[in-house]
$ cat target23.pdb   # PDB, C-alpha atoms
MODEL        1
ATOM      1  CA  MET C   1       3.885  -2.645 -26.371
ATOM      2  CA  LEU C   2       0.109  -2.615 -25.885
ATOM      3  CA  ARG C   3      -0.389  -1.196 -29.370
ATOM      4  CA  GLU C   4       1.760  -3.943 -30.837
ATOM      5  CA  ALA C   5      -0.344  -6.549 -29.039
ATOM      6  CA  TYR C   6      -3.355  -5.569 -31.162
ATOM      7  CA  SER C   7      -1.773  -7.702 -33.874
ATOM      8  CA  GLY C   8      -2.640 -10.738 -31.757
ATOM      9  CA  GLN C   9       0.357 -11.369 -29.518
ATOM     10  CA  VAL C  10      -0.467 -11.157 -25.823
ATOM     11  CA  LEU C  11       1.776  -9.547 -23.223
ATOM     12  CA  PRO C  12       2.717 -10.488 -19.678
ATOM     13  CA  PRO C  13       1.162  -8.295 -16.961
ATOM     14  CA  LEU C  14       2.554  -4.756 -16.867
ATOM     15  CA  ARG C  15       3.634  -4.895 -13.222
ATOM     16  CA  ASP C  16       7.289  -4.389 -14.166
ATOM     17  CA  TRP C  17       6.307  -0.866 -15.299
ATOM     18  CA  LEU C  18       3.090  -0.129 -13.411
ATOM     19  CA  GLU C  19       2.145  -0.890  -9.841
ATOM     20  CA  PRO C  20      -1.152  -2.827  -9.783
ATOM     21  CA  THR C  21      -3.109   0.114  -8.329
ATOM     22  CA  ASP C  22      -1.288   2.961 -10.148
ATOM     23  CA  ALA C  23      -4.359   4.640 -11.626
ATOM     24  CA  ALA C  24      -2.549   7.811 -12.723
ATOM     25  CA  GLY C  25       0.161   5.907 -14.569
ATOM     26  CA  ALA C  26      -2.328   3.558 -16.201
ATOM     27  CA  TYR C  27      -4.599   6.350 -17.422
ATOM     28  CA  ALA C  28      -1.518   8.154 -18.775
ATOM     29  CA  VAL C  29      -0.717   5.070 -20.874
ATOM     30  CA  GLN C  30      -4.335   4.890 -22.035
ATOM     31  CA  ALA C  31      -4.278   8.577 -23.023
ATOM     32  CA  ILE C  32      -1.040   8.193 -25.004
ATOM     33  CA  ASN C  33      -2.489   5.304 -26.951
ATOM     34  CA  THR C  34      -5.796   7.120 -27.450
ATOM     35  CA  ARG C  35      -3.989  10.080 -29.004
ATOM     36  CA  TYR C  36      -2.028   7.665 -31.202
ATOM     37  CA  TRP C  37      -5.189   5.996 -32.479
ATOM     38  CA  GLN C  38      -6.839   9.350 -33.123
ATOM     39  CA  ALA C  39      -3.819  10.375 -35.174
ATOM     40  CA  GLN C  40      -4.331   7.175 -37.178
ATOM     41  CA  GLY C  41      -7.851   8.326 -38.047
ATOM     42  CA  ARG C  42      -9.962   6.525 -35.448
ATOM     43  CA  ARG C  43     -12.862   8.620 -34.130
ATOM     44  CA  ILE C  44     -14.055   8.602 -30.513
ATOM     45  CA  VAL C  45     -17.815   7.962 -30.223
ATOM     46  CA  GLY C  46     -18.129   7.517 -26.466
ATOM     47  CA  ARG C  47     -16.823   5.825 -23.336
ATOM     48  CA  LYS C  48     -17.302   2.594 -21.423
ATOM     49  CA  ALA C  49     -17.426   2.203 -17.670
ATOM     50  CA  GLY C  50     -15.889  -0.918 -16.188
ATOM     51  CA  LEU C  51     -15.442  -2.466 -12.745
ATOM     52  CA  THR C  52     -18.898  -1.227 -11.805
ATOM     53  CA  ALA C  53     -19.683  -4.355  -9.782
ATOM     54  CA  GLU C  54     -18.483  -4.328  -6.163
ATOM     55  CA  ALA C  55     -17.409  -7.970  -6.339
ATOM     56  CA  VAL C  56     -15.082  -7.269  -9.257
ATOM     57  CA  GLN C  57     -13.620  -4.207  -7.512
ATOM     58  CA  LYS C  58     -12.809  -6.363  -4.478
ATOM     59  CA  GLN C  59     -11.257  -8.992  -6.729
ATOM     60  CA  LEU C  60      -8.799  -6.433  -8.124
ATOM     61  CA  GLY C  61      -8.275  -4.625  -4.833
ATOM     62  CA  VAL C  62      -9.740  -1.271  -5.909
ATOM     63  CA  ASP C  63     -12.582   0.905  -4.697
ATOM     64  CA  GLN C  64     -13.561   2.632  -7.928
ATOM     65  CA  PRO C  65     -14.737   1.860 -11.451
ATOM     66  CA  ASP C  66     -12.584   2.495 -14.498
ATOM     67  CA  PHE C  67     -13.231   3.710 -18.027
ATOM     68  CA  GLY C  68     -12.089   3.195 -21.584
ATOM     69  CA  VAL C  69     -12.606   4.852 -24.952
ATOM     70  CA  LEU C  70     -15.096   3.704 -27.588
ATOM     71  CA  PHE C  71     -13.932   4.248 -31.169
ATOM     72  CA  ASP C  72     -16.182   4.234 -34.221
ATOM     73  CA  ASP C  73     -14.577   1.072 -35.616
ATOM     74  CA  MET C  74     -15.413  -0.855 -32.425
ATOM     75  CA  ARG C  75     -19.153  -0.851 -33.142
ATOM     76  CA  ILE C  76     -20.711  -4.030 -34.506
ATOM     77  CA  ALA C  77     -24.173  -3.702 -36.038
ATOM     78  CA  ASP C  78     -27.070  -5.189 -34.117
ATOM     79  CA  GLY C  79     -27.455  -8.660 -35.618
ATOM     80  CA  GLY C  80     -24.079  -8.280 -37.319
ATOM     81  CA  ASN C  81     -20.944 -10.364 -37.410
ATOM     82  CA  LEU C  82     -17.627 -10.143 -35.555
ATOM     83  CA  ASP C  83     -14.764 -12.151 -37.044
ATOM     84  CA  PRO C  84     -12.947 -14.038 -34.248
ATOM     85  CA  ALA C  85      -9.690 -13.275 -36.070
ATOM     86  CA  ARG C  86     -10.107  -9.665 -34.901
ATOM     87  CA  CYS C  87      -9.946 -10.793 -31.253
ATOM     88  CA  ILE C  88      -7.372 -12.406 -28.976
ATOM     89  CA  GLN C  89      -9.239 -13.864 -25.978
ATOM     90  CA  ALA C  90     -12.696 -12.363 -26.235
ATOM     91  CA  LYS C  91     -15.504 -12.406 -23.698
ATOM     92  CA  ALA C  92     -19.002 -10.901 -23.843
ATOM     93  CA  GLU C  93     -21.027  -9.100 -21.206
ATOM     94  CA  ALA C  94     -24.498  -7.600 -21.385
ATOM     95  CA  GLU C  95     -25.057  -3.992 -20.385
ATOM     96  CA  ILE C  96     -27.365  -0.997 -20.504
ATOM     97  CA  ALA C  97     -26.144   1.835 -22.713
ATOM     98  CA  PHE C  98     -27.101   5.476 -23.071
ATOM     99  CA  VAL C  99     -26.846   7.884 -25.979
ATOM    100  CA  LEU C 100     -26.577  11.473 -24.775
ATOM    101  CA  GLY C 101     -28.690  14.308 -26.117
ATOM    102  CA  ALA C 102     -26.826  17.026 -24.191
ATOM    103  CA  ASP C 103     -23.329  17.795 -22.913
ATOM    104  CA  LEU C 104     -22.318  16.882 -19.337
ATOM    105  CA  PRO C 105     -19.536  19.364 -18.509
ATOM    106  CA  ALA C 106     -19.822  19.556 -14.704
ATOM    107  CA  THR C 107     -17.380  17.907 -12.324
ATOM    108  CA  ASP C 108     -20.247  17.339  -9.866
ATOM    109  CA  THR C 109     -22.709  15.768 -12.312
ATOM    110  CA  THR C 110     -25.470  13.787 -10.582
ATOM    111  CA  ALA C 111     -27.445  10.783 -11.755
ATOM    112  CA  GLU C 112     -30.443  13.071 -12.112
ATOM    113  CA  GLN C 113     -28.502  15.373 -14.423
ATOM    114  CA  VAL C 114     -27.402  12.399 -16.499
ATOM    115  CA  ALA C 115     -31.028  11.277 -16.752
ATOM    116  CA  ALA C 116     -32.012  14.706 -18.052
ATOM    117  CA  ALA C 117     -29.286  14.491 -20.715
ATOM    118  CA  VAL C 118     -30.112  10.981 -21.969
ATOM    119  CA  ALA C 119     -31.594  10.868 -25.457
ATOM    120  CA  SER C 120     -32.103   7.089 -25.620
ATOM    121  CA  VAL C 121     -31.514   3.891 -23.655
ATOM    122  CA  HIS C 122     -30.328   0.680 -25.326
ATOM    123  CA  ALA C 123     -29.604  -2.942 -24.574
ATOM    124  CA  ALA C 124     -25.919  -3.524 -25.279
ATOM    125  CA  ILE C 125     -23.262  -6.175 -25.466
ATOM    126  CA  GLU C 126     -19.652  -5.288 -24.839
ATOM    127  CA  ILE C 127     -17.063  -7.637 -26.275
ATOM    128  CA  VAL C 128     -14.096  -7.271 -23.961
ATOM    129  CA  ASP C 129     -10.642  -8.536 -24.803
ATOM    130  CA  SER C 130      -7.267  -8.352 -23.123
ATOM    131  CA  ARG C 131      -3.837  -7.875 -24.542
ATOM    132  CA  ILE C 132      -2.571  -9.348 -21.233
ATOM    133  CA  ALA C 133      -1.931 -13.102 -21.316
ATOM    134  CA  ASP C 134      -4.638 -15.309 -19.779
ATOM    135  CA  TRP C 135      -6.558 -12.287 -18.467
ATOM    136  CA  LYS C 136      -4.171 -12.086 -15.510
ATOM    137  CA  ILE C 137      -4.931  -8.410 -15.041
ATOM    138  CA  THR C 138      -4.605  -5.896 -12.256
ATOM    139  CA  PHE C 139      -6.444  -2.575 -12.115
ATOM    140  CA  ALA C 140      -3.493  -0.869 -13.826
ATOM    141  CA  ASP C 141      -3.354  -3.533 -16.547
ATOM    142  CA  THR C 142      -6.978  -3.131 -17.562
ATOM    143  CA  VAL C 143      -6.936   0.690 -17.412
ATOM    144  CA  ALA C 144      -3.766   0.956 -19.506
ATOM    145  CA  ASP C 145      -5.322  -1.541 -21.936
ATOM    146  CA  ASN C 146      -8.257   0.834 -22.601
ATOM    147  CA  GLY C 147     -10.467  -0.856 -20.044
ATOM    148  CA  SER C 148      -9.909  -4.238 -21.750
ATOM    149  CA  SER C 149     -12.307  -3.053 -24.434
ATOM    150  CA  ALA C 150     -12.630  -4.396 -27.958
ATOM    151  CA  PHE C 151     -16.070  -4.098 -29.595
ATOM    152  CA  PHE C 152     -19.676  -3.332 -28.714
ATOM    153  CA  VAL C 153     -23.221  -3.823 -29.990
ATOM    154  CA  LEU C 154     -26.204  -1.533 -29.340
ATOM    155  CA  SER C 155     -29.831  -2.429 -29.942
ATOM    156  CA  ASP C 156     -31.059  -0.672 -33.064
ATOM    157  CA  GLN C 157     -34.106   0.604 -31.248
ATOM    158  CA  GLY C 158     -33.485   2.892 -28.302
ATOM    159  CA  LEU C 159     -36.114   4.006 -25.813
ATOM    160  CA  PRO C 160     -36.671   7.285 -23.987
ATOM    161  CA  LEU C 161     -35.607   7.039 -20.355
ATOM    162  CA  ALA C 162     -38.909   8.156 -18.835
ATOM    163  CA  GLY C 163     -40.718   5.298 -17.145
ATOM    164  CA  LEU C 164     -37.941   2.723 -17.481
ATOM    165  CA  ASP C 165     -36.899   0.650 -14.454
ATOM    166  CA  LEU C 166     -33.131   0.602 -14.879
ATOM    167  CA  GLU C 167     -32.356  -0.800 -11.435
ATOM    168  CA  GLY C 168     -34.793  -3.676 -11.695
ATOM    169  CA  ALA C 169     -34.216  -4.537 -15.352
ATOM    170  CA  ALA C 170     -33.488  -8.271 -15.557
ATOM    171  CA  MET C 171     -30.794  -9.316 -18.039
ATOM    172  CA  THR C 172     -30.460 -12.640 -19.796
ATOM    173  CA  MET C 173     -27.627 -13.363 -22.217
ATOM    174  CA  THR C 174     -27.778 -16.494 -24.329
ATOM    175  CA  VAL C 175     -25.076 -18.173 -26.379
ATOM    176  CA  ASN C 176     -26.325 -20.495 -29.101
ATOM    177  CA  GLY C 177     -29.760 -20.359 -27.513
ATOM    178  CA  ASN C 178     -28.571 -21.434 -24.058
ATOM    179  CA  VAL C 179     -28.625 -19.120 -21.041
ATOM    180  CA  ALA C 180     -25.012 -18.150 -20.344
ATOM    181  CA  SER C 181     -25.337 -15.146 -18.006
ATOM    182  CA  THR C 182     -28.037 -13.436 -15.986
ATOM    183  CA  GLY C 183     -28.084 -10.236 -13.985
ATOM    184  CA  ILE C 184     -29.923  -7.044 -13.133
ATOM    185  CA  GLY C 185     -29.567  -3.319 -13.722
ATOM    186  CA  SER C 186     -28.606  -2.589 -10.121
ATOM    187  CA  ALA C 187     -25.334  -4.490 -10.673
ATOM    188  CA  ALA C 188     -23.920  -1.309 -12.248
ATOM    189  CA  LEU C 189     -23.157   0.770  -9.125
ATOM    190  CA  GLY C 190     -26.737   0.331  -7.922
ATOM    191  CA  ASN C 191     -28.148   1.941 -11.070
ATOM    192  CA  PRO C 192     -26.606   2.438 -14.528
ATOM    193  CA  LEU C 193     -27.259   6.178 -14.125
ATOM    194  CA  ASN C 194     -24.867   6.158 -11.141
ATOM    195  CA  ALA C 195     -22.163   4.612 -13.317
ATOM    196  CA  ALA C 196     -22.810   7.192 -16.029
ATOM    197  CA  ALA C 197     -22.652  10.037 -13.479
ATOM    198  CA  TRP C 198     -19.328   8.748 -12.149
ATOM    199  CA  LEU C 199     -18.039   8.642 -15.713
ATOM    200  CA  ALA C 200     -19.288  12.172 -16.421
ATOM    201  CA  ARG C 201     -17.651  13.588 -13.277
ATOM    202  CA  THR C 202     -14.368  11.790 -13.888
ATOM    203  CA  LEU C 203     -14.056  12.862 -17.519
ATOM    204  CA  ALA C 204     -15.060  16.448 -16.743
ATOM    205  CA  ALA C 205     -12.417  16.611 -14.024
ATOM    206  CA  GLY C 206      -9.871  15.457 -16.593
ATOM    207  CA  GLY C 207     -10.862  18.195 -19.026
ATOM    208  CA  ASP C 208     -12.523  15.868 -21.554
ATOM    209  CA  PRO C 209     -16.244  15.981 -20.708
ATOM    210  CA  LEU C 210     -18.984  13.900 -22.250
ATOM    211  CA  LYS C 211     -20.855  15.513 -25.129
ATOM    212  CA  ALA C 212     -24.182  15.211 -26.913
ATOM    213  CA  GLY C 213     -24.142  12.190 -29.194
ATOM    214  CA  ASP C 214     -21.723  10.201 -27.030
ATOM    215  CA  ILE C 215     -22.441   6.527 -26.380
ATOM    216  CA  LEU C 216     -22.012   5.376 -22.772
ATOM    217  CA  LEU C 217     -21.723   1.731 -21.787
ATOM    218  CA  ALA C 218     -22.658   1.683 -18.112
ATOM    219  CA  GLY C 219     -21.076  -1.597 -17.007
ATOM    220  CA  ALA C 220     -21.810  -5.313 -16.942
ATOM    221  CA  LEU C 221     -25.095  -6.532 -15.472
ATOM    222  CA  GLY C 222     -23.869 -10.102 -15.039
ATOM    223  CA  PRO C 223     -20.855 -12.386 -15.463
ATOM    224  CA  MET C 224     -18.704 -12.308 -18.571
ATOM    225  CA  VAL C 225     -18.889 -15.247 -20.967
ATOM    226  CA  VAL C 226     -15.929 -16.634 -22.905
ATOM    227  CA  LEU C 227     -16.557 -16.586 -26.654
ATOM    228  CA  THR C 228     -15.811 -19.420 -29.063
ATOM    229  CA  ALA C 229     -15.767 -19.118 -32.836
ATOM    230  CA  GLY C 230     -19.219 -19.851 -34.222
ATOM    231  CA  ASP C 231     -21.148 -18.520 -31.206
ATOM    232  CA  GLU C 232     -24.456 -16.705 -31.622
ATOM    233  CA  VAL C 233     -24.827 -14.216 -28.773
ATOM    234  CA  ARG C 234     -28.003 -12.428 -27.712
ATOM    235  CA  ALA C 235     -28.723 -10.094 -24.799
ATOM    236  CA  ASP C 236     -32.223  -9.360 -23.525
ATOM    237  CA  VAL C 237     -32.676  -6.563 -20.995
ATOM    238  CA  ALA C 238     -36.271  -6.653 -19.770
ATOM    239  CA  GLY C 239     -38.230  -3.535 -20.591
ATOM    240  CA  ILE C 240     -35.357  -2.046 -22.570
ATOM    241  CA  GLY C 241     -34.609  -4.270 -25.536
ATOM    242  CA  THR C 242     -32.486  -6.938 -27.159
ATOM    243  CA  CYS C 243     -29.376  -7.045 -29.311
ATOM    244  CA  SER C 244     -27.265  -9.774 -30.842
ATOM    245  CA  PHE C 245     -24.216 -10.646 -32.924
ATOM    246  CA  SER C 246     -22.519 -13.645 -34.506
ATOM    247  CA  PHE C 247     -18.935 -14.537 -33.610
ATOM    248  CA  LYS C 248     -18.010 -16.053 -36.941
ATOM    249  CA  GLY C 249     -15.387 -15.751 -39.617
ATOM    250  CA  ALA C 250     -15.999 -13.558 -42.626
TER
ENDMDL
END
$ encode --input "target23.pdb" --output "structure tokens"
Amino acid sequence: MLREAYSGQVLPPLRDWLEPTDAAGAYAVQAINTRYWQAQGRRIVGRKAGLTAEAVQKQLGVDQPDFGVLFDDMRIADGGNLDPARCIQAKAEAEIAFVLGADLPATDTTAEQVAAAVASVHAAIEIVDSRIADWKITFADTVADNGSSAFFVLSDQGLPLAGLDLEGAAMTMTVNGNVASTGIGSAALGNPLNAAAWLARTLAAGGDPLKAGDILLAGALGPMVVLTAGDEVRADVAGIGTCSFSFKGA
């Protein structure tokens, strides 16, 4: 059903099939759909961490982040265009992203080990979307729905990690030139490297570890913003960079 919803028809919450906190069942659904999309020719280029803010975890009654898969066709060029017709009920959130220069195979990966493996750090925007009607999601809904992921933008210019203040990096996201969301790097589990380490440990434990070249979205730094056709969206992460996209028809 979730795959069919990609055509634009939303679904009711999945609670008739999945208990709201059934992580194992939800990740099993995600994995089935991931294998399906791979068989259709989509290529995995990384992962996204979600629910990295404590307030959001409390809202959904969970005590852990979640993750989803990033496919190659989800990437929107920095300064590029995303046709609203490709979305259902899209929202944008600004993040810090990493591109790995080394594998992270250990099930006890630390933030320090992630830092040593990072090739570049980028400002990012994740465009989240939900196949669940009106975003009435539970933890199981969003996990099964690939972390409510849709598209993402990375700043063209990445920076080496050394010397960057990830925790204290102030984020401002504007829509049509107006401030729509603000936040700070520490919103992502205290430090985006902590979110990336959690992701590395979790994926390694599942037998699918992160690898050199993977893109990691480390979680929202501030509130999500509902998108409307015609919007111009820009994220500025102090000391790290900026990125942008247009939410317009082709």
$ residues_near_point --input "target23.pdb" --point "(-5.1, -4.5, -17.6)" --cutoff "10 Å" --atoms "all atoms listed in the file" --output "ChimeraX atom specification"
/C:2,13-15,20,26,129-133,135-148
$ residues_around --input "target23.pdb" --residues "stretch 46-53 of chain C" --least-positions-apart "2" --cutoff "8 Å" --atoms "all atoms listed in the file" --output "list in words"
Ile44, Ala55, Val56, Gln57, Gln64, Pro65, Asp66, Phe67, Gly68, Val69, Leu70, Phe71, Gly147, Ala187, Ala188, Leu189, Ala195, Ala196, Leu199, Leu210, Asp214, Ile215, Leu216, Leu217, Ala218, Gly219 and Ala220 of chain C
$ resolve_selection --input "target23.pdb" --expression "the PyMOL selection byres ((chain C and resi 94-98) around 8)" --output "PyMOL selection string"
chain C and resi 92-93+99-100+118-126+154+171-173+185+192+215-222+224+235+237
$ atom_distance --input "target23.pdb" --atom1 "atom CA of C:Thr174" --atom2 "atom CA of C:Glu54"
23.8 Å
$ closest_residue --input "target23.pdb" --among "C:Leu193, C:Ala150, C:Ala116, C:Ala170" --to "C:Ile240" --atoms "all atoms listed in the file"
C:Ala170
$ closest_residue --input "target23.pdb" --among "C:Thr202, C:Ser181, C:Gln89, C:Thr34" --to "C:Thr107" --atoms "all atoms listed in the file"
C:Thr202
$ closest_residue --input "target23.pdb" --among "C:Met74, C:Ala238, C:Val179, C:Ala229" --to "C:Arg43" --atoms "only C-alpha atoms"
C:Met74
$ atom_distance --input "target23.pdb" --atom1 "atom CA of C:Asp208" --atom2 "atom CA of C:Ile88"
29.7 Å
$ resolve_selection --input "target23.pdb" --expression "the PyMOL selection byres ((chain C and resi 167) around 6)" --output "PyMOL selection string"
chain C and resi 165-166+168-169+185-186+191
$ closest_residue --input "target23.pdb" --among "C:Ala197, C:Ala117, C:Pro160, C:Tyr27" --to "C:Ala212" --atoms "all atoms listed in the file"
C:Ala117
$ atom_distance --input "target23.pdb" --atom1 "atom CA of C:Gly241" --atom2 "atom CA of C:Leu159"
8.4 Å
$ axis_aligned_box --input "target23.pdb" --around "stretch 119-133 of chain C" --padding-each-side "4 Å" --output "JSON"
{"center_x": -17.0, "center_y": -1.1, "center_z": -23.8, "size_x": 38.2, "size_y": 32.0, "size_z": 13.0}
$ closest_residue --input "target23.pdb" --among "C:Thr110, C:Asp103, C:Ala115, C:Leu82" --to "C:Leu227" --atoms "all atoms listed in the file"
C:Leu82
$ residues_around --input "target23.pdb" --residues "C:Asp108" --least-positions-apart "3" --cutoff "12 Å" --atoms "all atoms listed in the file" --output "list in words"
Leu104, Pro105, Ala111, Glu112, Gln113, Val114, Ala197, Trp198, Leu199, Ala200, Arg201, Thr202, Leu203, Ala204, Ala205 and Pro209 of chain C
$ write_last_selection --input "target23.pdb" --atoms "C-alpha atoms" --output "short mmCIF file (atom, residue, chain, number, x, y, z; two decimals), keeping the file's coordinate frame"
data_model
loop_
_atom_site.label_atom_id
_atom_site.label_comp_id
_atom_site.auth_asym_id
_atom_site.auth_seq_id
_atom_site.Cartn_x
_atom_site.Cartn_y
_atom_site.Cartn_z
CA LEU C 104 -22.32 16.88 -19.34
CA PRO C 105 -19.54 19.36 -18.51
CA ALA C 111 -27.44 10.78 -11.76
CA GLU C 112 -30.44 13.07 -12.11
CA GLN C 113 -28.50 15.37 -14.42
CA VAL C 114 -27.40 12.40 -16.50
CA ALA C 197 -22.65 10.04 -13.48
CA TRP C 198 -19.33 8.75 -12.15
CA LEU C 199 -18.04 8.64 -15.71
CA ALA C 200 -19.29 12.17 -16.42
CA ARG C 201 -17.65 13.59 -13.28
CA THR C 202 -14.37 11.79 -13.89
CA LEU C 203 -14.06 12.86 -17.52
CA ALA C 204 -15.06 16.45 -16.74
CA ALA C 205 -12.42 16.61 -14.02
CA PRO C 209 -16.24 15.98 -20.71
#
$ decode --input "target23.pdb" --residues "stretch 191-230 of chain C" --atoms "C-alpha atoms" --output "PDB file, in the first residue's frame"
ATOM      1  CA  ASN C 191      25.606  17.131  18.222  1.00  0.00           C
ATOM      2  CA  PRO C 192      25.051  15.934  14.638  1.00  0.00           C
ATOM      3  CA  LEU C 193      28.015  13.575  15.119  1.00  0.00           C
ATOM      4  CA  ASN C 194      26.023  11.815  17.869  1.00  0.00           C
ATOM      5  CA  ALA C 195      23.146  11.280  15.444  1.00  0.00           C
ATOM      6  CA  ALA C 196      25.551   9.959  12.816  1.00  0.00           C
ATOM      7  CA  ALA C 197      27.161   7.596  15.355  1.00  0.00           C
ATOM      8  CA  TRP C 198      23.748   6.251  16.365  1.00  0.00           C
ATOM      9  CA  LEU C 199      22.983   5.676  12.697  1.00  0.00           C
ATOM     10  CA  ALA C 200      26.325   3.936  12.125  1.00  0.00           C
ATOM     11  CA  ARG C 201      25.841   1.607  15.111  1.00  0.00           C
ATOM     12  CA  THR C 202      22.257   0.780  14.190  1.00  0.00           C
ATOM     13  CA  LEU C 203      23.008  -0.011  10.552  1.00  0.00           C
ATOM     14  CA  ALA C 204      26.100  -2.042  11.435  1.00  0.00           C
ATOM     15  CA  ALA C 205      24.064  -4.089  13.898  1.00  0.00           C
ATOM     16  CA  GLY C 206      21.596  -4.787  11.099  1.00  0.00           C
ATOM     17  CA  GLY C 207      24.341  -6.012   8.782  1.00  0.00           C
ATOM     18  CA  ASP C 208      24.185  -3.028   6.407  1.00  0.00           C
ATOM     19  CA  PRO C 209      26.945  -0.673   7.594  1.00  0.00           C
ATOM     20  CA  LEU C 210      27.680   2.793   6.302  1.00  0.00           C
ATOM     21  CA  LYS C 211      30.350   3.016   3.617  1.00  0.00           C
ATOM     22  CA  ALA C 212      32.730   5.570   2.147  1.00  0.00           C
ATOM     23  CA  GLY C 213      30.836   7.916  -0.144  1.00  0.00           C
ATOM     24  CA  ASP C 214      27.561   7.646   1.778  1.00  0.00           C
ATOM     25  CA  ILE C 215      25.577  10.810   2.473  1.00  0.00           C
ATOM     26  CA  LEU C 216      24.228  11.166   6.020  1.00  0.00           C
ATOM     27  CA  LEU C 217      21.497  13.616   6.956  1.00  0.00           C
ATOM     28  CA  ALA C 218      21.890  14.063  10.701  1.00  0.00           C
ATOM     29  CA  GLY C 219      18.442  15.370  11.639  1.00  0.00           C
ATOM     30  CA  ALA C 220      16.484  18.611  11.752  1.00  0.00           C
ATOM     31  CA  LEU C 221      17.983  21.626  13.514  1.00  0.00           C
ATOM     32  CA  GLY C 222      14.651  23.427  13.814  1.00  0.00           C
ATOM     33  CA  PRO C 223      10.925  23.128  13.102  1.00  0.00           C
ATOM     34  CA  MET C 224       9.613  21.813   9.809  1.00  0.00           C
ATOM     35  CA  VAL C 225       7.949  24.255   7.425  1.00  0.00           C
ATOM     36  CA  VAL C 226       4.974  23.417   5.215  1.00  0.00           C
ATOM     37  CA  LEU C 227       5.739  24.021   1.540  1.00  0.00           C
ATOM     38  CA  THR C 228       3.460  25.763  -0.942  1.00  0.00           C
ATOM     39  CA  ALA C 229       3.901  25.730  -4.701  1.00  0.00           C
ATOM     40  CA  GLY C 230       6.055  28.663  -5.766  1.00  0.00           C
TER      41      GLY C 230
END
